[in-house]
>>> print(open('my_file_17.json').read())   # JSON, C-alpha atoms and all ligand atoms
[["chain", "number", "residue", "atom", "x", "y", "z"],
["A", 1, "MET", "CA", 103.35, 107.49, -36.48],
["A", 2, "LYS", "CA", 101.15, 106.21, -33.71],
["A", 3, "GLU", "CA", 98.44, 108.78, -34.56],
["A", 4, "ASN", "CA", 98.01, 107.14, -37.97],
["A", 5, "ILE", "CA", 96.89, 103.88, -36.39],
["A", 6, "ASN", "CA", 93.16, 103.25, -36.28],
["A", 7, "THR", "CA", 92.63, 101.70, -32.86],
["A", 8, "ASP", "CA", 89.23, 100.33, -33.90],
["A", 9, "ARG", "CA", 90.85, 98.12, -36.53],
["A", 10, "LEU", "CA", 93.83, 96.63, -34.75],
["A", 11, "PRO", "CA", 95.00, 93.13, -35.59],
["A", 12, "LYS", "CA", 93.81, 90.83, -32.79],
["A", 13, "HIS", "CA", 96.86, 88.63, -33.16],
["A", 14, "ILE", "CA", 100.32, 89.70, -34.31],
["A", 15, "ALA", "CA", 103.03, 87.06, -34.79],
["A", 16, "ILE", "CA", 106.68, 87.94, -35.36],
["A", 17, "ILE", "CA", 109.59, 85.95, -36.78],
["A", 18, "MET", "CA", 112.39, 87.79, -35.01],
["A", 19, "ASP", "CA", 115.25, 87.30, -37.44],
["A", 20, "GLY", "CA", 118.63, 88.91, -38.10],
["A", 21, "ASN", "CA", 120.42, 88.89, -34.75],
["A", 22, "GLY", "CA", 123.45, 87.11, -36.20],
["A", 23, "ARG", "CA", 123.81, 89.44, -39.18],
["A", 24, "TRP", "CA", 123.37, 92.49, -36.95],
["A", 25, "ALA", "CA", 126.32, 91.32, -34.86],
["A", 26, "LYS", "CA", 128.42, 90.37, -37.86],
["A", 27, "GLN", "CA", 127.96, 93.81, -39.42],
["A", 28, "LYS", "CA", 129.41, 95.31, -36.26],
["A", 29, "GLY", "CA", 132.20, 92.78, -35.97],
["A", 30, "LEU", "CA", 130.66, 91.34, -32.80],
["A", 31, "LEU", "CA", 129.85, 87.82, -31.65],
["A", 32, "ARG", "CA", 126.45, 86.38, -32.59],
["A", 33, "ALA", "CA", 125.67, 86.16, -28.87],
["A", 34, "ILE", "CA", 125.80, 89.97, -28.65],
["A", 35, "GLY", "CA", 123.25, 90.10, -31.45],
["A", 36, "HIS", "CA", 120.90, 87.86, -29.48],
["A", 37, "GLU", "CA", 121.44, 89.95, -26.36],
["A", 38, "ASN", "CA", 120.53, 93.12, -28.23],
["A", 39, "GLY", "CA", 117.52, 91.35, -29.68],
["A", 40, "THR", "CA", 116.04, 91.16, -26.18],
["A", 41, "LYS", "CA", 115.74, 94.97, -26.13],
["A", 42, "SER", "CA", 113.59, 94.81, -29.23],
["A", 43, "VAL", "CA", 111.48, 92.14, -27.56],
["A", 44, "ARG", "CA", 110.81, 94.40, -24.57],
["A", 45, "GLU", "CA", 110.00, 97.43, -26.72],
["A", 46, "THR", "CA", 107.70, 95.41, -28.98],
["A", 47, "VAL", "CA", 105.87, 93.76, -26.09],
["A", 48, "GLU", "CA", 105.31, 97.09, -24.32],
["A", 49, "SER", "CA", 104.22, 98.85, -27.51],
["A", 50, "CYS", "CA", 101.73, 96.12, -28.42],
["A", 51, "ALA", "CA", 100.23, 96.19, -24.93],
["A", 52, "GLU", "CA", 99.97, 99.99, -25.00],
["A", 53, "LEU", "CA", 98.24, 99.93, -28.39],
["A", 54, "GLY", "CA", 95.69, 97.35, -27.26],
["A", 55, "ILE", "CA", 96.89, 94.32, -29.25],
["A", 56, "GLU", "CA", 95.32, 91.31, -27.52],
["A", 57, "ASN", "CA", 97.73, 88.61, -28.70],
["A", 58, "LEU", "CA", 101.40, 88.76, -29.57],
["A", 59, "THR", "CA", 103.31, 85.62, -30.52],
["A", 60, "LEU", "CA", 107.08, 85.68, -30.85],
["A", 61, "TYR", "CA", 109.14, 83.02, -32.61],
["A", 62, "ALA", "CA", 112.13, 82.73, -30.31],
["A", 63, "PHE", "CA", 113.54, 79.27, -31.06],
["A", 64, "SER", "CA", 112.55, 76.75, -33.72],
["A", 65, "THR", "CA", 112.85, 72.96, -33.70],
["A", 66, "GLU", "CA", 115.43, 73.46, -36.47],
["A", 67, "ASN", "CA", 117.46, 75.86, -34.32],
["A", 68, "TRP", "CA", 118.60, 72.85, -32.25],
["A", 69, "ASN", "CA", 120.92, 72.16, -35.19],
["A", 70, "ARG", "CA", 122.98, 75.30, -34.51],
["A", 71, "PRO", "CA", 126.40, 74.99, -32.84],
["A", 72, "LYS", "CA", 126.04, 73.86, -29.22],
["A", 73, "LEU", "CA", 127.63, 77.04, -27.91],
["A", 74, "GLU", "CA", 125.01, 79.20, -29.63],
["A", 75, "VAL", "CA", 122.14, 77.00, -28.43],
["A", 76, "ASP", "CA", 123.50, 77.19, -24.87],
["A", 77, "THR", "CA", 123.81, 80.97, -25.11],
["A", 78, "LEU", "CA", 120.23, 81.29, -26.32],
["A", 79, "MET", "CA", 118.92, 79.08, -23.51],
["A", 80, "LYS", "CA", 120.86, 81.08, -20.89],
["A", 81, "LEU", "CA", 119.56, 84.32, -22.36],
["A", 82, "LEU", "CA", 116.04, 82.96, -22.13],
["A", 83, "VAL", "CA", 116.36, 82.21, -18.43],
["A", 84, "SER", "CA", 117.86, 85.61, -17.64],
["A", 85, "SER", "CA", 115.27, 87.44, -19.76],
["A", 86, "LEU", "CA", 112.40, 85.61, -18.08],
["A", 87, "LYS", "CA", 113.80, 86.52, -14.66],
["A", 88, "LYS", "CA", 114.31, 90.13, -15.69],
["A", 89, "GLU", "CA", 111.09, 90.69, -17.62],
["A", 90, "ILE", "CA", 108.61, 89.30, -15.12],
["A", 91, "LYS", "CA", 108.30, 92.88, -13.82],
["A", 92, "THR", "CA", 107.54, 94.25, -17.30],
["A", 93, "LEU", "CA", 104.84, 91.60, -17.67],
["A", 94, "GLN", "CA", 103.27, 92.35, -14.28],
["A", 95, "ASP", "CA", 103.46, 96.14, -14.71],
["A", 96, "ASN", "CA", 101.73, 95.86, -18.06],
["A", 97, "ASN", "CA", 99.16, 93.22, -17.01],
["A", 98, "ILE", "CA", 100.50, 90.74, -19.61],
["A", 99, "LYS", "CA", 99.94, 87.01, -19.44],
["A", 100, "LEU", "CA", 102.76, 84.74, -20.59],
["A", 101, "ASN", "CA", 102.07, 81.64, -22.64],
["A", 102, "ALA", "CA", 104.39, 79.24, -24.46],
["A", 103, "ILE", "CA", 103.99, 76.94, -27.45],
["A", 104, "GLY", "CA", 106.29, 74.27, -28.79],
["A", 105, "ASN", "CA", 107.87, 71.05, -27.64],
["A", 106, "LEU", "CA", 108.50, 72.54, -24.21],
["A", 107, "THR", "CA", 109.65, 69.31, -22.58],
["A", 108, "SER", "CA", 112.68, 69.31, -24.88],
["A", 109, "LEU", "CA", 113.92, 72.56, -23.29],
["A", 110, "PRO", "CA", 116.65, 72.44, -20.63],
["A", 111, "LYS", "CA", 115.18, 71.97, -17.13],
["A", 112, "LYS", "CA", 116.18, 75.46, -16.03],
["A", 113, "VAL", "CA", 114.35, 77.08, -18.93],
["A", 114, "PHE", "CA", 111.29, 74.88, -18.46],
["A", 115, "LYS", "CA", 111.13, 75.68, -14.75],
["A", 116, "GLU", "CA", 111.57, 79.44, -15.15],
["A", 117, "LEU", "CA", 109.07, 79.51, -17.98],
["A", 118, "HIS", "CA", 106.43, 77.75, -15.93],
["A", 119, "GLU", "CA", 107.06, 80.00, -12.96],
["A", 120, "VAL", "CA", 106.46, 83.12, -15.03],
["A", 121, "ILE", "CA", 103.43, 81.55, -16.72],
["A", 122, "ALA", "CA", 101.95, 80.74, -13.30],
["A", 123, "LYS", "CA", 102.71, 84.19, -11.87],
["A", 124, "THR", "CA", 101.12, 86.03, -14.81],
["A", 125, "GLU", "CA", 98.19, 83.65, -15.24],
["A", 126, "LYS", "CA", 95.54, 86.15, -14.11],
["A", 127, "ASN", "CA", 96.78, 89.04, -16.25],
["A", 128, "THR", "CA", 94.27, 90.16, -18.85],
["A", 129, "ARG", "CA", 95.54, 93.00, -21.04],
["A", 130, "MET", "CA", 97.50, 90.94, -23.56],
["A", 131, "THR", "CA", 98.65, 87.36, -24.04],
["A", 132, "LEU", "CA", 102.30, 87.09, -24.97],
["A", 133, "THR", "CA", 103.10, 83.69, -26.45],
["A", 134, "LEU", "CA", 106.68, 82.55, -26.85],
["A", 135, "ALA", "CA", 107.28, 79.91, -29.50],
["A", 136, "LEU", "CA", 110.10, 77.82, -28.07],
["A", 137, "SER", "CA", 111.42, 74.66, -29.62],
["A", 138, "TYR", "CA", 108.48, 75.25, -31.90],
["A", 139, "GLY", "CA", 107.91, 73.67, -35.28],
["A", 140, "SER", "CA", 104.61, 73.82, -37.09],
["A", 141, "ARG", "CA", 104.96, 70.39, -38.68],
["A", 142, "GLU", "CA", 105.69, 68.83, -35.30],
["A", 143, "GLU", "CA", 102.62, 70.61, -33.90],
["A", 144, "LEU", "CA", 100.48, 69.20, -36.70],
["A", 145, "ILE", "CA", 101.90, 65.69, -36.25],
["A", 146, "SER", "CA", 101.08, 65.76, -32.55],
["A", 147, "ALA", "CA", 97.55, 67.01, -33.30],
["A", 148, "VAL", "CA", 96.99, 64.19, -35.82],
["A", 149, "LYS", "CA", 98.21, 61.64, -33.27],
["A", 150, "GLU", "CA", 95.90, 62.94, -30.54],
["A", 151, "ILE", "CA", 92.91, 63.09, -32.84],
["A", 152, "SER", "CA", 93.48, 59.61, -34.23],
["A", 153, "ASP", "CA", 93.76, 58.22, -30.68],
["A", 154, "LYS", "CA", 90.41, 59.80, -29.87],
["A", 155, "VAL", "CA", 88.85, 58.33, -33.00],
["A", 156, "LYS", "CA", 90.25, 54.91, -32.10],
["A", 157, "ASN", "CA", 88.78, 55.18, -28.61],
["A", 158, "ASN", "CA", 85.41, 56.41, -29.92],
["A", 159, "ILE", "CA", 85.76, 59.80, -28.23],
["A", 160, "ILE", "CA", 85.17, 61.55, -31.56],
["A", 161, "SER", "CA", 84.02, 60.19, -34.89],
["A", 162, "SER", "CA", 86.03, 60.91, -38.01],
["A", 163, "GLU", "CA", 82.99, 62.53, -39.70],
["A", 164, "ASN", "CA", 83.03, 65.22, -37.04],
["A", 165, "ILE", "CA", 86.61, 66.32, -37.60],
["A", 166, "ASP", "CA", 86.45, 69.94, -38.70],
["A", 167, "GLU", "CA", 88.53, 73.11, -38.35],
["A", 168, "SER", "CA", 87.53, 73.61, -34.74],
["A", 169, "VAL", "CA", 88.58, 70.06, -33.81],
["A", 170, "ILE", "CA", 91.98, 70.65, -35.42],
["A", 171, "ASN", "CA", 92.30, 74.03, -33.68],
["A", 172, "LYS", "CA", 91.62, 72.45, -30.30],
["A", 173, "HIS", "CA", 94.51, 70.04, -30.76],
["A", 174, "LEU", "CA", 97.13, 72.61, -31.69],
["A", 175, "TYR", "CA", 99.48, 74.27, -29.19],
["A", 176, "THR", "CA", 97.67, 77.51, -30.07],
["A", 177, "GLN", "CA", 94.26, 76.15, -29.04],
["A", 178, "ASN", "CA", 93.36, 79.25, -27.01],
["A", 179, "LEU", "CA", 94.54, 81.81, -29.56],
["A", 180, "PRO", "CA", 92.71, 83.36, -32.50],
["A", 181, "ASP", "CA", 94.14, 83.04, -36.03],
["A", 182, "VAL", "CA", 97.09, 85.29, -36.82],
["A", 183, "ASP", "CA", 96.03, 88.56, -38.49],
["A", 184, "LEU", "CA", 99.46, 90.03, -39.12],
["A", 185, "LEU", "CA", 102.72, 88.13, -39.51],
["A", 186, "ILE", "CA", 105.90, 90.21, -39.44],
["A", 187, "ARG", "CA", 109.36, 88.92, -40.38],
["A", 188, "THR", "CA", 112.46, 91.03, -39.97],
["A", 189, "SER", "CA", 115.87, 90.81, -41.70],
["A", 190, "GLY", "CA", 114.67, 90.69, -45.30],
["A", 191, "GLU", "CA", 114.09, 86.93, -45.48],
["A", 192, "GLN", "CA", 110.77, 86.16, -47.11],
["A", 193, "ARG", "CA", 109.91, 82.73, -45.79],
["A", 194, "ILE", "CA", 107.88, 81.16, -43.01],
["A", 195, "SER", "CA", 110.51, 78.77, -41.57],
["A", 196, "ASN", "CA", 107.99, 76.28, -40.15],
["A", 197, "PHE", "CA", 106.06, 78.87, -38.10],
["A", 198, "LEU", "CA", 102.28, 78.59, -37.49],
["A", 199, "LEU", "CA", 101.47, 77.08, -40.91],
["A", 200, "TRP", "CA", 97.81, 76.39, -40.07],
["A", 201, "GLN", "CA", 97.26, 79.58, -38.09],
["A", 202, "ILE", "CA", 98.50, 81.99, -40.80],
["A", 203, "ALA", "CA", 96.14, 80.68, -43.49],
["A", 204, "TYR", "CA", 94.66, 84.18, -43.93],
["A", 205, "ALA", "CA", 97.28, 86.33, -42.20],
["A", 206, "GLU", "CA", 98.60, 89.46, -43.87],
["A", 207, "LEU", "CA", 102.35, 89.04, -44.36],
["A", 208, "TYR", "CA", 104.75, 91.92, -43.73],
["A", 209, "PHE", "CA", 108.45, 91.66, -44.48],
["A", 210, "THR", "CA", 110.97, 94.30, -43.50],
["A", 211, "ASP", "CA", 114.73, 94.52, -44.08],
["A", 212, "VAL", "CA", 115.28, 95.84, -40.55],
["A", 213, "LEU", "CA", 117.37, 93.42, -38.48],
["A", 214, "TRP", "CA", 115.66, 92.34, -35.26],
["A", 215, "PRO", "CA", 118.00, 94.20, -32.82],
["A", 216, "ASP", "CA", 117.22, 97.43, -34.76],
["A", 217, "PHE", "CA", 113.46, 96.89, -34.63],
["A", 218, "THR", "CA", 111.73, 99.68, -32.69],
["A", 219, "ARG", "CA", 108.18, 100.70, -31.85],
["A", 220, "GLN", "CA", 108.21, 102.88, -34.97],
["A", 221, "HIS", "CA", 108.80, 99.82, -37.15],
["A", 222, "LEU", "CA", 105.92, 98.08, -35.40],
["A", 223, "TYR", "CA", 103.64, 101.05, -36.07],
["A", 224, "ASP", "CA", 104.70, 101.02, -39.75],
["A", 225, "ALA", "CA", 103.72, 97.35, -40.01],
["A", 226, "ILE", "CA", 100.32, 97.96, -38.40],
["A", 227, "ILE", "CA", 99.64, 101.00, -40.61],
["A", 228, "ASP", "CA", 100.51, 98.91, -43.68],
["A", 229, "TYR", "CA", 98.18, 96.14, -42.45],
["A", 230, "GLN", "CA", 95.33, 98.62, -42.01],
["A", 231, "LYS", "CA", 95.65, 99.76, -45.63],
["A", 232, "ARG", "CA", 94.98, 96.25, -46.92],
["A", 233, "GLU", "CA", 91.63, 94.80, -47.88],
["A", 234, "ARG", "CA", 91.12, 91.39, -46.31],
["A", 235, "ARG", "CA", 88.71, 89.67, -48.64],
["A", 236, "PHE", "CA", 88.75, 86.07, -47.36],
["A", 237, "GLY", "CA", 87.82, 84.81, -50.80],
["A", 238, "LYS", "CA", 85.00, 87.31, -51.39],
["A", 239, "THR", "CA", 84.94, 90.13, -53.91],
["A", 240, "SER", "CA", 85.72, 93.69, -52.97],
["A", 241, "GLU", "CA", 82.09, 94.69, -53.68],
["A", 242, "GLN", "CA", 80.76, 92.13, -51.24],
["A", 243, "LEU", "CA", 82.74, 93.70, -48.45],
["A", 244, "SER", "CA", 81.43, 97.23, -48.87],
["A", 301, "LIG", "C1", 117.10, 85.17, -35.02],
["A", 301, "LIG", "O1", 118.33, 85.64, -35.47],
["A", 301, "LIG", "C2", 117.20, 84.50, -33.67],
["A", 301, "LIG", "C3", 117.03, 83.04, -33.71],
["A", 301, "LIG", "C4", 116.78, 82.31, -34.75],
["A", 301, "LIG", "C5", 117.15, 82.35, -32.44],
["A", 301, "LIG", "P1", 119.36, 84.70, -36.22],
["A", 301, "LIG", "O2", 120.27, 84.11, -35.20],
["A", 301, "LIG", "O3", 118.67, 83.73, -37.09],
["A", 301, "LIG", "O4", 120.15, 85.77, -37.09],
["A", 301, "LIG", "P2", 120.69, 85.60, -38.57],
["A", 301, "LIG", "O5", 119.55, 85.11, -39.42],
["A", 301, "LIG", "O6", 121.81, 84.61, -38.50],
["A", 301, "LIG", "O7", 121.14, 86.96, -38.96],
["A", 302, "LIG", "C1", 113.45, 81.42, -37.78],
["A", 302, "LIG", "O1", 114.67, 82.01, -38.02],
["A", 302, "LIG", "C2", 113.34, 81.01, -36.34],
["A", 302, "LIG", "C3", 113.32, 82.10, -35.37],
["A", 302, "LIG", "C4", 113.27, 83.37, -35.63],
["A", 302, "LIG", "C5", 113.31, 81.68, -34.00],
["A", 302, "LIG", "P1", 115.90, 81.20, -38.65],
["A", 302, "LIG", "O2", 116.99, 82.18, -38.82],
["A", 302, "LIG", "O3", 116.17, 80.00, -37.85],
["A", 302, "LIG", "O4", 115.27, 80.75, -40.05],
["A", 302, "LIG", "P2", 115.98, 80.23, -41.38],
["A", 302, "LIG", "O5", 116.87, 79.10, -40.99],
["A", 302, "LIG", "O6", 116.79, 81.37, -41.93],
["A", 302, "LIG", "O7", 114.87, 79.86, -42.28],
["A", 303, "MG", "MG", 118.09, 83.79, -39.03]]
>>> encode(input="my_file_17.json", output="C-alpha cells")
Amino acid sequence: MKENINTDRLPKHIAIIMDGNGRWAKQKGLLRAIGHENGTKSVRETVESCAELGIENLTLYAFSTENWNRPKLEVDTLMKLLVSSLKKEIKTLQDNNIKLNAIGNLTSLPKKVFKELHEVIAKTEKNTRMTLTLALSYGSREELISAVKEISDKVKNNIISSENIDESVINKHLYTQNLPDVDLLIRTSGEQRISNFLLWQIAYAELYFTDVLWPDFTRQHLYDAIIDYQKRERRFGKTSEQLS
C-alpha cells in the first residue's frame, strides 16, 4: 500500500532488471515479441509511479551487451519496439517532468534508435522531477574497461597522477557519472543474478528479487519492493548500535 511508504526515506536511486517477458509470453502460448510489447506497459506504470512517489533516479535495464546474441529477429523486434516506445512516451516524460538519460555502448545501436533516443534526451533535458536512465547495449564490464582505458590515457598524458585515482575518479569515468549509487536493485522473474548490470554502482545496494514476470509488474509490486527496502537496516560496515 502506498500509505505504508515513508516518503522521507525513499531510495534516491532505484534500478530494475526487467526480466521475464519471454516466459510471460510462453505461458500464454504467445510469441516472445508480445511479451516484450506487454513489458512496455509495465515500464510506463513504473516510471509514472516512481515520479509520483518522488524517486529522483530510476534506471531500467532494457538491453544488455549479451542480448545481442539473441536471434536476429528478436533483436530487431526489440529495437523497433524501442523506437516506437520512445516516440509514444515522450508525452509521458514531458507531462511528468522527467528527464531521459541513456547508458551503454550507444553507438552500437541501430541509427534509428540512436537518433530517436538523442531526440528525446534533448527534448527532456531541462526536466527536473526525475531522471530516467535506460541501459541500452549496456554491460558493466565493458563500462569498466572503457573507464580504465580513459583513466590510463589521462595518466599517460599527465592529466592525472596514478596516486590520485580514487572512487570519485572512477565514478567520473563511468557511464553513470552523474548518478548517485543505486540504493535499491529490483529483479523480476525469479532469477537471482546481476547479469552484468551496474557492478560498481550496486556495491551497497539492497537487492530485491520477485517472482513476478515483468509484464505483470504493477505499481503495487513497486510499492512492495520499496516497503521491503524501508524495513532494512543499511549498516555500510558499521554496527547496528553505531547507527542509532
Ligand atoms: C527481459 O525479458 C527483456 C530483455 C532481456 C530484453 P526476457 O526476454 O529475458 O524474458 P525471459 O527471461 O526469456 O523470460
Ligand atoms: C538481463 O536479462 C538483461 C535485461 C533485463 C535487459 P537476461 O534475460 O538477458 O539475463 P540472463 O541471460 O537470464 O542472465
Ligand atoms: Mg531473461
>>> closest_residue(input="my_file_17.json", among="A:Leu136, A:Asp224, A:Gln242, A:Glu74", to="Ile5 in chain A", atoms="all atoms listed in the file")
A:Asp224
>>> residues_around(input="my_file_17.json", residues="Ala25 in chain A", least_positions_apart="4", cutoff="10 Å", atoms="all atoms listed in the file", output="PyMOL selection string")
chain A and resi 20-21+29-38+213+215
>>> axis_aligned_box(input="my_file_17.json", around="ligand LIG 302 (chain A)", padding_each_side="5 Å", output="lines of an AutoDock Vina configuration file")
center_x = 115.1
center_y = 81.2
center_z = -38.1
size_x = 13.7
size_y = 14.3
size_z = 18.3
>>> closest_atom_pairs(input="my_file_17.json", of="chain A", to="ligand MG 303 (chain A)", cutoff="9 Å", atoms="all atoms listed in the file", output="CSV")
residue,atom,partner,partner_atom,distance
A:Met18,CA,A:MG303,MG,8.0
A:Asp19,CA,A:MG303,MG,4.8
A:Gly20,CA,A:MG303,MG,5.2
A:Asn21,CA,A:MG303,MG,7.1
A:Gly22,CA,A:MG303,MG,6.9
A:Arg23,CA,A:MG303,MG,8.0
A:Ser189,CA,A:MG303,MG,7.8
A:Glu191,CA,A:MG303,MG,8.2
>>> residues_near_ligand(input="my_file_17.json", ligand="ligand LIG 302 (chain A)", cutoff="6 Å", atoms="all atoms listed in the file", output="list in words")
Ile17, Met18, Asp19, Tyr61, Ala62, Phe63, Ser64, Asn67 and Ser195 of chain A
>>> closest_residue(input="my_file_17.json", among="A:Thr46, A:Asn6, A:Thr239, A:Thr92", to="Trp214 in chain A", atoms="only C-alpha atoms")
A:Thr46
>>> closest_residue(input="my_file_17.json", among="A:Leu82, A:Leu243, A:Ile90, A:Leu222", to="ligand LIG 301 (chain A)", atoms="all atoms listed in the file")
A:Leu82
>>> atom_distance(input="my_file_17.json", atom1="CA of Gly54 in chain A", atom2="CA of Leu86 in chain A")
22.4 Å
